[in-house]
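S.K.: Input structure.txt, format and content: compact mmCIF, C-alpha atoms and all ligand atoms.
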```
# COMPACT_ATOMS: atom_id res chain seq x y z
CA MET A 1 -7.07 2.35 25.14
CA SER A 2 -5.66 2.01 21.61
CA THR A 3 -7.48 3.70 18.74
CA VAL A 4 -7.10 2.95 15.04
CA LEU A 5 -8.61 5.33 12.52
CA LEU A 6 -9.37 3.84 9.10
CA THR A 7 -9.71 6.07 6.04
CA GLY A 8 -11.45 4.85 2.88
CA VAL A 9 -13.81 2.05 3.81
CA GLY A 10 -13.75 0.62 0.31
CA ASP A 11 -12.67 -2.84 -0.83
CA LEU A 12 -9.33 -3.02 0.98
CA GLY A 13 -10.61 -0.84 3.84
CA GLY A 14 -13.73 -2.98 4.22
CA TRP A 15 -11.60 -6.07 4.74
CA ALA A 16 -9.25 -4.14 7.03
CA LEU A 17 -12.22 -3.06 9.13
CA GLU A 18 -13.30 -6.67 9.66
CA PHE A 19 -9.75 -7.75 10.55
CA LEU A 20 -9.26 -4.78 12.92
CA ALA A 21 -12.53 -5.73 14.62
CA ARG A 22 -10.89 -9.04 15.57
CA THR A 23 -7.40 -7.74 16.42
CA PRO A 24 -6.62 -7.95 20.15
CA GLU A 25 -4.31 -4.89 20.20
CA VAL A 26 -7.14 -2.58 19.04
CA ASP A 27 -9.76 -1.21 21.48
CA ARG A 28 -11.48 1.47 19.43
CA ILE A 29 -12.04 1.65 15.66
CA VAL A 30 -12.99 4.93 14.01
CA THR A 31 -13.84 4.84 10.30
CA VAL A 32 -14.12 7.79 7.92
CA LYS A 33 -15.50 7.89 4.41
CA ARG A 34 -16.68 10.62 2.10
CA SER A 35 -20.01 9.27 0.83
CA PRO A 36 -22.96 8.59 3.16
CA TRP A 37 -24.35 5.28 4.43
CA THR A 38 -21.90 2.58 3.23
CA GLY A 39 -19.09 3.41 5.67
CA ALA A 40 -21.48 3.70 8.62
CA SER A 41 -23.26 0.51 7.61
CA LEU A 42 -20.03 -1.51 7.19
CA THR A 43 -18.82 -0.22 10.56
CA ASN A 44 -22.04 -1.38 12.25
CA LEU A 45 -21.81 -4.78 10.53
CA ALA A 46 -18.22 -5.21 11.74
CA MET A 47 -19.33 -4.31 15.26
CA LEU A 48 -22.06 -6.97 15.23
CA GLY A 49 -20.03 -9.67 13.46
CA SER A 50 -17.00 -9.35 15.73
CA THR A 51 -19.29 -9.58 18.77
CA PHE A 52 -20.28 -13.09 17.63
CA GLN A 53 -16.65 -13.97 18.21
CA GLY A 54 -16.42 -12.36 21.64
CA HIS A 55 -14.91 -8.96 20.65
CA THR A 56 -16.63 -5.94 22.16
CA LYS A 57 -14.55 -3.02 20.88
CA GLN A 58 -15.79 0.54 20.46
CA PHE A 59 -16.82 1.57 16.94
CA GLU A 60 -17.47 5.03 15.51
CA HIS A 61 -18.04 6.29 12.01
CA HIS A 62 -17.68 9.85 10.71
CA ARG A 63 -18.54 11.13 7.28
CA LEU A 64 -15.47 13.04 6.11
CA ASP A 65 -14.02 14.30 2.88
CA LEU A 66 -10.25 14.49 3.36
CA ALA A 67 -10.29 17.47 1.01
CA ASP A 68 -12.13 19.42 3.73
CA GLU A 69 -8.89 20.27 5.51
CA ASP A 70 -10.50 22.01 8.50
CA ALA A 71 -12.91 19.15 9.18
CA ALA A 72 -10.15 16.54 8.78
CA ALA A 73 -7.81 18.33 11.21
CA ARG A 74 -10.67 18.86 13.71
CA LEU A 75 -11.67 15.20 13.63
CA LEU A 76 -8.09 13.97 14.07
CA ALA A 77 -7.61 16.28 17.05
CA GLU A 78 -10.83 14.89 18.60
CA VAL A 79 -10.15 11.22 17.89
CA GLU A 80 -6.38 11.23 18.67
CA PRO A 81 -5.72 7.95 16.85
CA ASP A 82 -2.67 5.93 17.87
CA VAL A 83 -2.48 4.54 14.35
CA ILE A 84 -4.15 5.60 11.09
CA LEU A 85 -4.70 2.93 8.46
CA HIS A 86 -5.01 4.90 5.24
CA SER A 87 -6.72 3.26 2.27
CA ALA A 88 -8.54 6.20 0.65
CA THR A 89 -7.79 6.63 -3.02
CA VAL A 90 -9.38 8.61 -5.84
CA GLN A 91 -10.03 5.48 -7.91
CA SER A 92 -9.20 1.91 -7.01
CA PRO A 93 -6.97 -0.11 -9.39
CA ARG A 94 -9.79 -2.68 -9.30
CA VAL A 95 -11.86 -0.40 -11.52
CA PHE A 96 -9.36 -0.67 -14.38
CA MET A 97 -8.72 -4.38 -13.64
CA ASN A 98 -12.42 -5.06 -14.17
CA ALA A 99 -13.15 -2.52 -16.92
CA PRO A 100 -14.48 -3.93 -20.20
CA ILE A 101 -11.54 -2.82 -22.38
CA ASP A 102 -10.21 -4.70 -25.39
CA GLU A 103 -7.00 -6.55 -24.60
CA GLY A 104 -4.83 -4.56 -27.03
CA LEU A 105 -5.63 -1.25 -25.38
CA ARG A 106 -5.39 -2.83 -21.92
CA ALA A 107 -1.81 -3.89 -22.74
CA GLU A 108 -1.00 -0.35 -23.94
CA ILE A 109 -2.34 1.12 -20.70
CA ARG A 110 -0.45 -1.44 -18.63
CA ALA A 111 2.75 -0.48 -20.46
CA ALA A 112 2.38 2.98 -18.93
CA THR A 113 2.79 1.14 -15.59
CA PHE A 114 0.87 1.48 -12.34
CA SER A 115 2.63 4.84 -11.85
CA LEU A 116 0.40 6.42 -14.50
CA TRP A 117 -2.26 6.61 -11.76
CA LEU A 118 0.11 7.88 -9.05
CA PRO A 119 -1.78 11.21 -8.47
CA TRP A 120 -4.91 9.25 -7.50
CA HIS A 121 -2.96 7.50 -4.73
CA LEU A 122 -0.86 10.47 -3.68
CA LEU A 123 -3.55 13.15 -3.31
CA PRO A 124 -5.67 11.62 -0.48
CA ALA A 125 -2.48 10.54 1.34
CA ALA A 126 -1.09 14.09 1.09
CA LEU A 127 -4.39 15.49 2.42
CA LEU A 128 -4.16 13.09 5.36
CA VAL A 129 -0.55 13.96 6.24
CA ARG A 130 -1.39 17.67 6.07
CA ALA A 131 -4.40 17.11 8.36
CA VAL A 132 -2.24 15.22 10.88
CA GLU A 133 0.22 18.11 10.83
CA ARG A 134 -2.53 20.69 11.37
CA ALA A 135 -4.19 18.66 14.13
CA GLY A 136 -0.85 18.37 15.92
CA VAL A 137 -1.57 14.76 16.92
CA LYS A 138 1.13 12.19 17.52
CA THR A 139 0.15 9.18 15.45
CA ARG A 140 1.59 6.61 13.07
CA ILE A 141 0.23 6.13 9.56
CA VAL A 142 0.12 2.82 7.69
CA ASN A 143 -0.42 3.74 4.04
CA ALA A 144 -1.94 1.27 1.58
CA ALA A 145 -1.90 3.56 -1.45
CA PHE A 146 1.15 2.72 -3.65
CA PRO A 147 3.44 3.00 -0.59
CA ASP A 148 6.63 2.09 -2.51
CA VAL A 149 6.51 5.56 -4.08
CA VAL A 150 3.92 7.57 -2.12
CA ASN A 151 5.64 7.20 1.27
CA GLU A 152 8.95 8.56 0.01
CA ALA A 153 7.25 11.47 -1.80
CA LEU A 154 5.31 12.38 1.35
CA TRP A 155 8.38 12.25 3.61
CA LYS A 156 10.35 14.41 1.23
CA HIS A 157 7.53 16.93 0.84
CA PHE A 158 6.39 17.22 4.47
CA GLY A 159 9.50 16.06 6.35
CA HIS A 160 7.33 13.34 7.93
CA GLY A 161 4.75 10.83 6.72
CA PRO A 162 3.65 7.21 6.97
CA ALA A 163 5.64 4.92 9.26
CA ALA A 164 4.90 1.97 6.99
CA GLY A 165 3.16 0.80 3.86
CA ILE A 166 1.54 -2.54 3.15
CA GLY A 167 1.70 -5.51 0.82
CA ASN A 168 3.91 -5.73 -2.29
CA VAL A 169 7.32 -7.01 -1.07
CA GLU A 170 5.56 -8.69 1.83
CA VAL A 171 3.33 -10.64 -0.52
CA CYS A 172 6.44 -11.96 -2.31
CA ALA A 173 8.23 -12.77 0.97
CA THR A 174 5.18 -14.60 2.28
CA ALA A 175 4.85 -16.69 -0.88
CA VAL A 176 8.51 -17.67 -0.41
CA LEU A 177 7.94 -18.57 3.24
CA ARG A 178 4.97 -20.82 2.44
CA TYR A 179 6.87 -22.35 -0.51
CA ALA A 180 9.86 -23.11 1.71
CA MET A 181 7.60 -24.63 4.37
CA ALA A 182 6.01 -26.88 1.75
CA ALA A 183 9.37 -27.79 0.15
CA SER A 184 11.27 -28.46 3.39
CA GLY A 185 8.45 -29.78 5.57
CA ARG A 186 9.70 -27.41 8.32
CA PRO A 187 7.55 -24.98 10.32
CA ALA A 188 7.72 -21.22 9.74
CA ASP A 189 9.96 -20.69 12.79
CA ASP A 190 12.72 -22.75 11.11
CA ILE A 191 12.69 -20.63 7.96
CA GLY A 192 14.28 -17.22 7.41
CA VAL A 193 13.31 -15.06 4.43
CA TRP A 194 15.08 -11.81 3.52
CA LEU A 195 13.72 -9.99 0.51
CA VAL A 196 14.57 -6.46 -0.52
CA GLY A 197 12.39 -5.45 -3.46
CA SER A 198 9.51 -3.31 -4.52
CA HIS A 199 6.16 -3.22 -6.28
CA ALA A 200 8.18 -3.96 -9.45
CA LEU A 201 9.04 -7.43 -8.12
CA MET A 202 5.33 -8.29 -8.03
CA ALA A 203 4.58 -6.55 -11.31
CA PHE A 204 7.56 -7.66 -13.43
CA GLY A 205 8.98 -10.72 -11.64
CA ALA A 206 12.37 -11.55 -10.17
CA ASP A 207 14.15 -11.96 -13.54
CA ALA A 208 13.43 -8.33 -14.43
CA ALA A 209 13.21 -6.42 -11.15
CA PRO A 210 16.31 -5.61 -9.07
CA HIS A 211 16.07 -7.29 -5.65
CA ARG A 212 18.15 -9.05 -2.98
CA PHE A 213 17.02 -12.46 -1.73
CA ARG A 214 18.21 -14.83 0.97
CA LEU A 215 16.52 -17.99 2.24
CA GLU A 216 17.60 -20.01 5.28
CA VAL A 217 16.18 -23.30 6.52
CA GLU A 218 17.23 -24.22 10.07
CA GLY A 219 19.96 -21.56 9.90
CA VAL A 220 21.50 -22.93 6.68
CA ASP A 221 21.68 -20.65 3.62
CA VAL A 222 19.70 -22.46 0.88
CA THR A 223 19.18 -19.45 -1.41
CA ALA A 224 21.06 -21.03 -4.32
CA ASP A 225 18.77 -24.08 -4.25
CA HIS A 226 15.62 -22.06 -4.94
CA ASP A 227 14.49 -20.12 -7.98
CA LEU A 228 12.79 -16.94 -6.78
CA ALA A 229 11.49 -16.08 -10.26
CA MET A 230 9.77 -19.46 -10.50
CA ILE A 231 8.29 -19.20 -7.00
CA LEU A 232 6.90 -15.72 -7.58
CA SER A 233 5.52 -16.48 -11.03
CA SER A 234 3.96 -19.87 -10.42
CA TRP A 235 3.54 -20.69 -6.74
CA PRO A 236 1.03 -21.30 -5.27
CA GLU A 237 -1.32 -22.34 -8.03
CA PRO A 238 -4.07 -21.72 -8.80
CA ILE A 239 -4.16 -18.06 -7.88
CA THR A 240 -5.61 -15.10 -9.78
CA TRP A 241 -3.72 -11.85 -9.29
CA SER A 242 -5.43 -9.70 -11.88
CA ARG A 243 -9.10 -8.75 -12.08
CA THR A 244 -9.54 -9.80 -8.49
CA ASP A 245 -12.41 -8.32 -6.54
CA SER A 246 -10.83 -9.09 -3.21
CA PHE A 247 -8.07 -7.22 -1.42
CA ALA A 248 -8.31 -9.33 1.74
CA LEU A 249 -4.69 -10.40 1.30
CA PHE A 250 -3.41 -6.83 1.31
CA ALA A 251 -5.77 -5.75 4.09
CA ALA A 252 -4.28 -8.50 6.27
CA SER A 253 -0.83 -7.01 5.72
CA ALA A 254 -2.14 -3.54 6.61
CA VAL A 255 -3.78 -4.67 9.83
CA LYS A 256 -0.71 -6.69 10.84
CA ASN A 257 1.43 -3.54 10.48
CA ALA A 258 -1.10 -1.41 12.36
CA ALA A 259 -1.16 -3.93 15.23
CA ALA A 260 2.65 -4.13 15.28
CA LEU A 261 2.80 -0.33 15.67
CA LEU A 262 0.68 -0.69 18.83
CA ARG A 263 2.87 -3.31 20.46
CA ALA A 264 6.05 -2.86 22.53
CA GLU A 265 7.67 -6.11 21.39
CA PRO A 266 9.08 -6.05 17.84
CA LEU A 267 7.51 -8.08 15.05
CA ARG A 268 9.79 -9.48 12.33
CA THR A 269 8.10 -8.92 9.00
CA HIS A 270 8.56 -7.34 5.58
CA VAL A 271 7.45 -3.76 5.16
CA THR A 272 7.04 -1.40 2.22
CA GLY A 273 8.01 2.26 2.48
CA PRO A 274 9.30 2.20 6.09
CA MET A 275 9.84 5.78 7.31
CA GLY A 276 9.78 7.07 3.75
CA LYS A 277 12.22 4.66 2.13
CA PRO A 278 11.53 3.54 -1.44
CA GLY A 279 10.34 -0.05 -1.99
CA GLY A 280 10.25 -2.79 0.63
CA TYR A 281 12.58 -4.39 3.19
CA PRO A 282 12.72 -7.08 5.84
CA ALA A 283 12.27 -5.26 9.16
CA PHE A 284 11.23 -5.32 12.80
CA ILE A 285 8.19 -3.16 13.58
CA SER A 286 7.24 -2.08 17.09
CA ARG A 287 5.44 0.80 18.78
CA ASP A 288 8.52 2.95 18.96
CA ARG A 289 10.49 2.13 15.86
CA ILE A 290 11.04 0.27 12.63
CA ASP A 291 14.47 -1.35 12.25
CA LEU A 292 15.54 -2.80 8.93
CA ASP A 293 16.79 -6.40 9.08
CA LEU A 294 18.81 -6.55 5.88
CA PRO A 295 20.44 -9.71 4.54
CA PRO A 296 24.10 -10.05 5.53
CA GLY A 297 26.46 -7.97 3.39
CA LEU A 298 23.86 -5.45 2.20
CA THR A 299 24.05 -1.89 3.55
CA VAL A 300 21.03 0.39 3.92
CA GLU A 301 22.39 2.62 1.12
CA GLU A 302 22.75 -0.39 -1.20
CA ALA A 303 19.23 -1.60 -0.37
CA VAL A 304 17.78 1.86 -1.07
CA SER A 305 19.63 2.16 -4.41
CA LEU A 306 18.43 -1.29 -5.38
CA ASN A 307 14.83 -0.23 -4.78
CA GLU A 308 15.41 3.07 -6.59
CA ALA A 309 16.62 1.06 -9.58
CA ALA A 310 13.55 -1.20 -9.31
CA ALA A 311 11.29 1.88 -9.26
CA ARG A 312 12.53 2.76 -12.78
CA LEU A 313 10.76 -0.36 -14.06
CA ASP A 314 7.64 1.18 -12.54
CA GLY A 315 8.36 4.35 -14.52
CA ILE A 316 9.76 6.38 -11.60
CA ASP A 317 13.08 7.97 -12.48
CA ARG A 318 13.57 9.75 -9.12
CA ILE A 319 11.84 11.61 -6.35
CA GLU A 320 13.12 15.16 -5.88
CA SER A 321 13.87 16.72 -2.48
CA ASP A 322 10.47 18.52 -2.51
CA GLY A 323 8.65 15.24 -3.17
CA ALA A 324 8.08 15.79 -6.91
CA VAL A 325 7.98 12.38 -8.60
CA VAL A 326 9.79 12.41 -11.94
CA TYR A 327 8.82 9.86 -14.58
CA THR A 328 11.37 8.02 -16.72
CA PRO A 329 11.65 9.15 -20.39
CA GLU A 330 10.37 5.72 -21.52
CA ILE A 331 7.19 5.94 -19.49
CA ARG A 332 6.63 9.57 -20.49
CA GLY A 333 6.67 8.37 -24.10
CA VAL A 334 4.13 5.62 -23.42
CA MET A 335 1.87 8.03 -21.51
CA GLU A 336 2.03 10.51 -24.37
CA SER A 337 0.98 7.83 -26.83
CA LEU A 338 -2.13 7.36 -24.66
CA GLY A 339 -2.83 11.10 -24.87
CA TYR A 340 -1.47 12.11 -21.45
CA ARG A 341 1.52 14.36 -20.93
CA CYS A 342 3.21 14.49 -17.55
CA ASP A 343 6.94 14.77 -16.86
CA ALA A 344 6.64 14.87 -13.08
CA VAL A 345 3.93 14.72 -10.43
CA THR A 346 4.24 17.74 -8.13
CA PHE A 347 2.23 18.34 -4.96
CA GLU A 348 1.00 21.72 -6.18
CA GLU A 349 -0.57 20.15 -9.29
CA LEU A 350 -2.10 17.09 -7.61
CA PRO A 351 -5.82 18.08 -7.76
CA HIS A 352 -5.41 19.14 -11.40
CA ARG A 353 -3.57 15.90 -12.28
CA CYS A 354 -6.30 13.83 -10.62
CA ARG A 355 -8.99 15.54 -12.71
CA GLU A 356 -6.92 15.11 -15.86
CA LEU A 357 -6.54 11.38 -15.17
CA ARG A 358 -10.30 11.05 -14.66
CA GLY A 359 -10.78 12.49 -18.16
CA LEU A 360 -8.09 10.23 -19.61
CA TYR A 361 -9.57 7.15 -17.94
CA THR A 362 -13.08 7.88 -19.23
CA ASP A 363 -11.69 8.49 -22.69
CA LEU A 364 -9.67 5.24 -22.70
CA VAL A 365 -12.56 3.12 -21.47
CA THR A 366 -14.88 4.64 -24.07
CA ARG A 367 -12.27 4.01 -26.78
CA GLY A 368 -11.48 0.48 -25.53
CA SER A 369 -15.06 -0.68 -25.32
CA ALA A 370 -16.24 0.89 -28.60
N1 LIG A 401 0.15 -1.91 -1.29
C1 LIG A 401 -0.57 -2.94 -1.72
O1 LIG A 401 -0.08 -4.05 -1.74
C2 LIG A 401 -2.01 -2.70 -2.15
C3 LIG A 401 -2.81 -3.76 -2.57
C4 LIG A 401 -4.14 -3.52 -2.92
C5 LIG A 401 -4.63 -2.22 -2.91
N2 LIG A 401 -3.79 -1.20 -2.54
C6 LIG A 401 -4.27 0.19 -2.54
O2 LIG A 401 -5.27 0.41 -1.57
C7 LIG A 401 -6.00 1.57 -1.92
C8 LIG A 401 -7.48 1.31 -1.76
O3 LIG A 401 -7.95 0.44 -2.77
P1 LIG A 401 -9.49 -0.02 -2.77
O4 LIG A 401 -9.66 -1.00 -3.85
O5 LIG A 401 -9.91 -0.39 -1.40
O6 LIG A 401 -10.20 1.36 -3.19
P2 LIG A 401 -11.75 1.71 -3.04
O7 LIG A 401 -12.57 0.48 -2.89
O8 LIG A 401 -12.10 2.66 -4.13
O9 LIG A 401 -11.78 2.48 -1.66
C9 LIG A 401 -11.21 3.76 -1.55
C10 LIG A 401 -12.06 4.58 -0.64
O10 LIG A 401 -11.47 5.88 -0.55
C11 LIG A 401 -12.51 6.77 -0.23
N3 LIG A 401 -12.12 8.15 -0.56
C12 LIG A 401 -11.67 8.61 -1.74
N4 LIG A 401 -11.42 9.91 -1.67
C13 LIG A 401 -11.72 10.29 -0.40
C14 LIG A 401 -11.69 11.52 0.29
N5 LIG A 401 -11.31 12.64 -0.32
N6 LIG A 401 -12.06 11.54 1.59
C15 LIG A 401 -12.46 10.42 2.20
N7 LIG A 401 -12.52 9.22 1.60
C16 LIG A 401 -12.16 9.15 0.32
C17 LIG A 401 -13.68 6.31 -1.08
O11 LIG A 401 -14.83 6.69 -0.39
P3 LIG A 401 -16.09 7.36 -1.13
O12 LIG A 401 -16.56 6.33 -2.09
O13 LIG A 401 -17.03 7.60 -0.03
O14 LIG A 401 -15.59 8.59 -1.79
C18 LIG A 401 -13.49 4.80 -1.11
O15 LIG A 401 -14.31 4.17 -0.16
C19 LIG A 401 -5.57 1.93 -3.34
O16 LIG A 401 -4.65 2.99 -3.31
C20 LIG A 401 -4.90 0.65 -3.83
O17 LIG A 401 -3.95 0.87 -4.84
C21 LIG A 401 -2.52 -1.42 -2.16
```
Starting from the file, lay out its structure as structure tokens.
Ligand SMILES: NC(=O)c1ccc[n+]([C@@H]2O[C@H](COP(=O)([O-])OP(=O)(O)OC[C@H]3O[C@@H](n4cnc5c(N)ncnc54)[C@H](OP(=O)(O)O)[C@@H]3O)[C@@H](O)[C@H]2O)c1

M.R.:
Amino acid sequence: MSTVLLTGVGDLGGWALEFLARTPEVDRIVTVKRSPWTGASLTNLAMLGSTFQGHTKQFEHHRLDLADEDAAARLLAEVEPDVILHSATVQSPRVFMNAPIDEGLRAEIRAATFSLWLPWHLLPAALLVRAVERAGVKTRIVNAAFPDVVNEALWKHFGHGPAAGIGNVEVCATAVLRYAMAASGRPADDIGVWLVGSHALMAFGADAAPHRFRLEVEGVDVTADHDLAMILSSWPEPITWSRTDSFALFAASAVKNAAALLRAEPLRTHVTGPMGKPGGYPAFISRDRIDLDLPPGLTVEEAVSLNEAAARLDGIDRIESDGAVVYTPEIRGVMESLGYRCDAVTFEELPHRCRELRGLYTDLVTRGSA
């Protein structure tokens, strides 16, 4: 019997729950959430809805605050999940996307990059990894929370961490696949996409963000015939990336990775943060391993340095050997102009940093909507 434990039954987690409920590789779904009612209710709804479609998996919900380290370790030891899909976060990026802030201030906040909010993504993930360690369970984590950066920080800090992340480079690679199918009239099996890149590729586009791209149709290299920057910025249309209220797209990536980690036969895909590497890579995922499938001529070291360079666009200068995430001088300056001073995010300071960011966020929203 395969068990998937899902943390954070929020927007992304809610979609992931529904997809897991219809995923053949999964027999038992255990959800955990801090607040009462919603998580239990969504779990029951997924149980009923999936039954319409002939799925009769086991469902369980537990109320859990990941900050309660004893309770988290106890629950993990009881549940013994084969895979954990982690989507808990202190505050979803959707909240800022949808906040009523004037556009000038919104642009200033965006200039501080997504990494401004890193502690909110890193803290629950760190609590989870520590709980797994304390429970002594053998499991594999798929982390949704800013995996390009968080996975590497966790691996460096704990010496282990998520097997995989979700989304980001995969979203870009999938857009390219569908574009190439439409342009060539060939089915997906005839098309090969290799994309090494990170969150920065989605956020800043292919002209700005370091990446490596290769596209083959029926085994022929057609990379030079296609403009990646154009595909990523304008295909398919219409599509709204910002202010969206739906993370179904990213939840699908998460559930696909969770299912691949339950299967013996490898799945060729793109994966962010595999085994603690920065950014994303083409790879094969299976129950026992994740093997990178890099484009010809690119070594693992080169691919990693390329994603480290891309992370600087996201404001991340480097991640130290203890997992401390050091911001670039440029981003430190932008953060300071917003009234927030932080040179590096360390694990010891995470709870304090999360509280500080709460204060900053409230202050900015009040200022921006005045
Ligand atoms: N990699 C990608 O491509 C990608 C794309 C989209 C989103 N994401 C990431 O996915 C994550 C989830 O986003 P979302 O919009 O789904 O957020 P959300 O709706 O706010 O859901 C997060 C959930 O985390 C729970 N939570 C927070 N702290 C907890 C704790 N200490 N213990 C237990 N549960 C806790 C919250 O539960 P309570 O309300 O009960 O506290 C909430 O339900 C974010 O990190 C986001 O950046 C990644």

S.K.: So which residues are near ligand LIG 401 (chain A), meaning at most 6 Å away with all atoms listed in the file counted, given back as JSON, numbers by chain?

M.R.: {"A": [8, 9, 10, 11, 12, 13, 33, 34, 35, 64, 65, 66, 67, 87, 88, 89, 90, 91, 92, 93, 94, 121, 124, 144, 145, 146, 147, 166, 167, 168, 247, 250]}

S.K.: What does the distance between CA of Val255 in chain A and CA of Phe114 in chain A come to in Å, to one decimal place?

M.R.: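 Rounded to one decimal, the two atoms are 23.5 Å apart.
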
S.K.: Could you list, as a PyMOL selection string, every residue within 8 Å of Asp322 in chain A, counting all atoms listed in the file and ignoring same-chain residues fewer than 6 positions away?

M.R.: chain A and resi 153+156-157

S.K.: Just how far from CA of Ser337 in chain A is CA of Asp207 in chain A, in Å to one decimal?

M.R.: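 Answer for the CA of Asp207 in chain A to CA of Ser337 in chain A separation: 27.2 Å.
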
S.K.: Skip range 37-53 of chain A itself and residues of its chain fewer than 5 positions away, then list as a PDB file with C-alpha atoms, keeping the file's coordinate frame all residues within 9 Å of it, counting only C-alpha atoms.

M.R.:
```pdb
ATOM      1  CA  GLY A   8     -11.450   4.850   2.880  1.00  0.00           C
ATOM      2  CA  VAL A   9     -13.810   2.050   3.810  1.00  0.00           C
ATOM      3  CA  GLY A  10     -13.750   0.620   0.310  1.00  0.00           C
ATOM      4  CA  GLY A  14     -13.730  -2.980   4.220  1.00  0.00           C
ATOM      5  CA  LEU A  17     -12.220  -3.060   9.130  1.00  0.00           C
ATOM      6  CA  GLU A  18     -13.300  -6.670   9.660  1.00  0.00           C
ATOM      7  CA  PHE A  19      -9.750  -7.750  10.550  1.00  0.00           C
ATOM      8  CA  ALA A  21     -12.530  -5.730  14.620  1.00  0.00           C
ATOM      9  CA  ARG A  22     -10.890  -9.040  15.570  1.00  0.00           C
ATOM     10  CA  ILE A  29     -12.040   1.650  15.660  1.00  0.00           C
ATOM     11  CA  VAL A  30     -12.990   4.930  14.010  1.00  0.00           C
ATOM     12  CA  THR A  31     -13.840   4.840  10.300  1.00  0.00           C
ATOM     13  CA  VAL A  32     -14.120   7.790   7.920  1.00  0.00           C
ATOM     14  CA  GLN A  58     -15.790   0.540  20.460  1.00  0.00           C
ATOM     15  CA  PHE A  59     -16.820   1.570  16.940  1.00  0.00           C
ATOM     16  CA  GLU A  60     -17.470   5.030  15.510  1.00  0.00           C
ATOM     17  CA  HIS A  61     -18.040   6.290  12.010  1.00  0.00           C
ATOM     18  CA  HIS A  62     -17.680   9.850  10.710  1.00  0.00           C
ATOM     19  CA  ARG A  63     -18.540  11.130   7.280  1.00  0.00           C
TER      20      ARG A  63
END
```

S.K.: Could you please determine the separation between CA of Phe213 in chain A and CA of Leu195 in chain A in Å, to one decimal place?

M.R.: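 For CA of Phe213 in chain A relative to CA of Leu195 in chain A, the distance reads 4.7 Å.
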
S.K.: Which is closest to Gly161 in chain A among A:Pro282, A:Thr7, A:Val345, A:Lys138, if we use all atoms listed in the file?

M.R.: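 For Gly161 in chain A, the nearest of the candidates is A:Lys138.
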
S.K.: I'd like the neighbourhood of Ile109 in chain A as an MDAnalysis selection string, where a residue qualifies if any of its atoms comes within 10 Å (using only C-alpha atoms), though same-chain residues fewer than 2 positions away should be ignored.

M.R.: chainID A and resid 96 103:107 111:114 116 334:335 337:338 361 364

S.K.: Would you mind listing what lies within 9 Å of Leu177 in chain A as a ChimeraX atom specification, with only C-alpha atoms counted and same-chain residues fewer than 2 positions away left out?

M.R.: /A:172-175,179-182,188,191-193,215

S.K.: Could you check the closest approach to Ser184 in chain A for each of A:Leu20, A:Arg318, A:Ile84, A:Val217 and tell me which residue wins, using only C-alpha atoms?

M.R.: A:Val217

S.K.: Calculated over only C-alpha atoms, which of the candidates A:Gly197, A:Pro100, A:Ala203, A:Pro274 has the smallest distance to Ser305 in chain A?

M.R.: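 For Ser305 in chain A, the nearest of the candidates is A:Gly197.
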
S.K.: Return the single residue from A:Ser286, A:Glu237, A:Gly279, A:Pro210 that is closest to Ala309 in chain A, with distances computed using all atoms listed in the file.

M.R.: A:Pro210

S.K.: Show me, as CSV, the residues of range 158-206 of chain A having an atom within 12 Å of range 323-332 of chain A, each with the closest atom pair and its distance in Å, using all atoms listed in the file.

M.R.:
```
residue,atom,partner,partner_atom,distance
A:Phe158,CA,A:Gly323,CA,8.2
A:Gly159,CA,A:Gly323,CA,9.6
A:His160,CA,A:Gly323,CA,11.3
A:Gly161,CA,A:Gly323,CA,11.5
```

S.K.: Which polymer residues have any atom within 10 Å of an atom of Leu350 in chain A, counting all atoms listed in the file, with same-chain residues fewer than 4 positions away left out, as a PyMOL selection string?

M.R.: chain A and resi 118-120+122-124+126+345-346+354-356

S.K.: When you count all atoms listed in the file, which of these residues is closest to Pro236 in chain A: A:Val304, A:Val132, A:Leu292, A:Val171?

M.R.: A:Val171

S.K.: Return the single residue from A:Ala77, A:Val4, A:Ala183, A:Trp117 that is closest to Leu360 in chain A, with distances computed using only C-alpha atoms.

M.R.: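 Going through A:Ala77, A:Val4, A:Ala183, A:Trp117 one by one, the smallest distance to Leu360 in chain A is for A:Trp117.
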